[in-house]
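Q: Please see the structure below; I have some questions.
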Amino acid sequence: MVRSLPALLALLAAASPALAAPQILGLVATGERPVPMQCSGDTCTAMLSAFCLQQQRLPPDHETAYVPAEGTSLTLILTGPDGSTSRIAAGALLDLRSRYGFTAVRADLSLPVQALSARSVALEVGPRAALLPVARAGDPDPLKPAEIAEATGPLRSAAEAILEGESERARSVRLSGLLINALPMHGDVDAAERKRLWHALAGPDAPDLVRRNFEACNRTVDQSVGYRLRKCLEERHERLQIDNTHAYWASLSGW
């Protein structure tokens with residue numbers, strides 16, 4: 001008997017073992033500089049820096065869905081047409097999905113900016129923010145309450161010094177996130193606009209590490225066809241955040 005393609009796909013899905021829940025993630029707090037969201041049509045989007053809070057579990061696949069853990073503060077900063085600002089809780093309004101393994105999360109706001117009576121939107125990540133993977137049916141090893149409590153409690157607190165402190169690497173991650181989110185999702189910007197963005201967001205005290213990354217990406221983009229500055233900075237952000245996360249776990253060797 002010949003089966004239809006949908007029937008075959010359903011059969012294969014049923015035969016495949018369900019994967020265990022991936023890692024709980026931490027989100028890097030934005031501090032005094034919330035991340036600008038890019039709005040187009042009915043969606044506003046931002047990339048958030050993230051890190052692994054569970055070394056023993058597998059990293060998430062691309063586009064794995066997450067939800068804020070209890071106590072996590074995600075806030076929309078709305079700037080109105082007259083320049084006034086307001087704040088609203090964003091946790092229930094966002095679709096959160098992993099990008100680049102455990103190092104970044106894409107946050108989509110499924111409301112048009114016009115519905116918020118705002119001309120621009122930014123996203124503030126509060127201290128000790130953490131995300132839980134959305135539970136999946138048939139999970140052979142779902143997250144346990146004790147795991148969640150440890151990852152979002154003492155392990156998340158311990159991450160602050162290395163991943164959110166004032167080290168060059170921590171500062172570089174925050175600035176890299178601002179630069180990435182200021183660049184278009186599609187297409188690229190010319191050299192004059194890149195220079196303007198750097199001076200607007202980085203300033204004279206920018207960490208040398210992110211400065212070198214930005215300059216290297218500029219050279220690479222100028223010498224390549226179709227390779228965008230945003231893509232280059234995202235890949236360098238990924239490597240930087242992997243190193244930061246390894247340093248964090250090394251600091252817990254006696255945990």
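Here's how to read the names in the structure tokens: chain A, B, ... by the order shown, residue numbers from 1 in each chain, ligand numbers from 1 in the order shown.
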Contacts of segment 199-206 of chain A at 8 Å or less, counting only C-alpha atoms, minus same-chain residues fewer than 3 places along, as a ChimeraX atom specification?
A: /A:172,175,178-179,195-196,210-211
Q: Return the single residue from A:Ala159, A:Leu123, A:Leu209, A:Ala129 that is closest to Ser251 of chain A, with distances computed using only C-alpha atoms.
A: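 When distances to Ser251 of chain A are compared using only C-alpha atoms, the smallest one comes from A:Ala159.
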Q: Would you mind listing, for every residue of segment 84-186 of chain A within 8 Å of segment 232-243 of chain A, the two atoms forming the shortest contact and the distance between them in Å to one decimal, using only C-alpha atoms, sorted by chain and ascending residue number, as a Markdown table?
A:
```
| residue | atom | partner | partner_atom | distance |
| --- | --- | --- | --- | --- |
| A:Tyr100 | CA | A:Glu238 | CA | 6.6 |
| A:Thr103 | CA | A:Glu238 | CA | 5.7 |
| A:Ala104 | CA | A:Glu238 | CA | 7.4 |
| A:Arg169 | CA | A:Leu240 | CA | 7.3 |
| A:Val173 | CA | A:His237 | CA | 6.6 |
| A:Ser176 | CA | A:His237 | CA | 6.6 |
| A:Gly177 | CA | A:His237 | CA | 7.8 |
| A:Ile180 | CA | A:Leu233 | CA | 6.6 |
```
Q: Within 9 Å of segment 33-37 of chain A, which residues of segment 98-195 of chain A show up? Give each one with its shortest atom-to-atom distance in Å (one decimal) and the two atoms involved, counting only C-alpha atoms, rows by chain then rising residue number, as JSON lines.
A:
```
{"residue": "A:Ala107", "atom": "CA", "partner": "A:Met37", "partner_atom": "CA", "distance": 8.8}
{"residue": "A:Asp108", "atom": "CA", "partner": "A:Met37", "partner_atom": "CA", "distance": 8.7}
{"residue": "A:Leu109", "atom": "CA", "partner": "A:Met37", "partner_atom": "CA", "distance": 8.8}
{"residue": "A:Ser120", "atom": "CA", "partner": "A:Met37", "partner_atom": "CA", "distance": 7.6}
{"residue": "A:Val121", "atom": "CA", "partner": "A:Met37", "partner_atom": "CA", "distance": 5.6}
{"residue": "A:Ala122", "atom": "CA", "partner": "A:Pro36", "partner_atom": "CA", "distance": 4.1}
{"residue": "A:Leu123", "atom": "CA", "partner": "A:Val35", "partner_atom": "CA", "distance": 5.1}
{"residue": "A:Glu124", "atom": "CA", "partner": "A:Pro34", "partner_atom": "CA", "distance": 4.5}
{"residue": "A:Val125", "atom": "CA", "partner": "A:Pro34", "partner_atom": "CA", "distance": 7.2}
{"residue": "A:Arg174", "atom": "CA", "partner": "A:Arg33", "partner_atom": "CA", "distance": 8.8}
{"residue": "A:Gly177", "atom": "CA", "partner": "A:Val35", "partner_atom": "CA", "distance": 7.5}
{"residue": "A:Leu178", "atom": "CA", "partner": "A:Val35", "partner_atom": "CA", "distance": 6.1}
{"residue": "A:Asn181", "atom": "CA", "partner": "A:Pro36", "partner_atom": "CA", "distance": 6.3}
{"residue": "A:Ala182", "atom": "CA", "partner": "A:Pro36", "partner_atom": "CA", "distance": 7.0}
```
Q: Can you spit out the residues from that selection as a PDB file, in the first residue's frame, using C-alpha atoms?
A:
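Result written to part_2.pdb:
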```
ATOM      1  CA  ALA A 107      12.394  37.613  21.054  1.00  0.00           C
ATOM      2  CA  ASP A 108       9.394  38.356  18.831  1.00  0.00           C
ATOM      3  CA  LEU A 109       6.609  40.652  19.948  1.00  0.00           C
ATOM      4  CA  SER A 120       9.731  52.723  19.025  1.00  0.00           C
ATOM      5  CA  VAL A 121      10.071  49.756  21.381  1.00  0.00           C
ATOM      6  CA  ALA A 122      12.988  48.487  23.459  1.00  0.00           C
ATOM      7  CA  LEU A 123      13.256  45.380  25.603  1.00  0.00           C
ATOM      8  CA  GLU A 124      14.732  45.411  29.107  1.00  0.00           C
ATOM      9  CA  VAL A 125      16.007  42.171  30.644  1.00  0.00           C
ATOM     10  CA  ARG A 174      26.425  43.778  25.977  1.00  0.00           C
ATOM     11  CA  GLY A 177      24.115  42.927  21.376  1.00  0.00           C
ATOM     12  CA  LEU A 178      23.353  46.634  20.962  1.00  0.00           C
ATOM     13  CA  ASN A 181      20.111  44.893  17.186  1.00  0.00           C
ATOM     14  CA  ALA A 182      20.791  48.269  15.573  1.00  0.00           C
TER      15      ALA A 182
END
```
Q: Taking only segment 59-102 of chain A into account, list the residues labelled strand (DSSP E) by DSSP (computed from the backbone), as an NGL selection string.
A: :A and (65-68 or 74-79 or 85-89 or 94-99)
Q: Output C-alpha atoms for every residue in the selection just made, as a tab-separated table (two decimals), in the first residue's frame.
A:
```
chain	number	residue	atom	x	y	z
A	65	ALA	CA	10.73	27.52	22.19
A	66	TYR	CA	11.31	28.94	25.68
A	67	VAL	CA	9.25	30.70	28.35
A	68	PRO	CA	10.39	33.01	31.18
A	74	LEU	CA	11.14	41.24	30.78
A	75	THR	CA	9.85	44.76	30.21
A	76	LEU	CA	8.89	46.72	27.10
A	77	ILE	CA	10.05	50.33	27.07
A	78	LEU	CA	7.65	52.22	24.81
A	79	THR	CA	8.52	55.63	23.38
A	85	THR	CA	8.14	56.67	27.74
A	86	SER	CA	6.11	53.98	29.44
A	87	ARG	CA	6.79	50.45	30.65
A	88	ILE	CA	4.74	47.27	30.37
A	89	ALA	CA	5.48	43.68	31.38
A	94	LEU	CA	6.90	37.48	23.60
A	95	ASP	CA	7.70	34.43	21.52
A	96	LEU	CA	11.18	33.34	22.68
A	97	ARG	CA	13.28	30.96	20.58
A	98	SER	CA	16.91	29.87	20.72
A	99	ARG	CA	19.48	30.95	18.15
```
Q: Measuring atom to atom with only C-alpha atoms, identify which of A:Ala191, A:Leu58, A:Val105, A:Leu132 is nearest to Ala151 of chain A.
A: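 So, comparing all the options, the nearest one is A:Leu132.
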Q: Kindly give the distance, in Å, that separates atom CA of Ser167 of chain A and atom CA of Pro184 of chain A, rounded to a single decimal.
A: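 Separating atom CA of Ser167 of chain A from atom CA of Pro184 of chain A is a distance of 28.2 Å.
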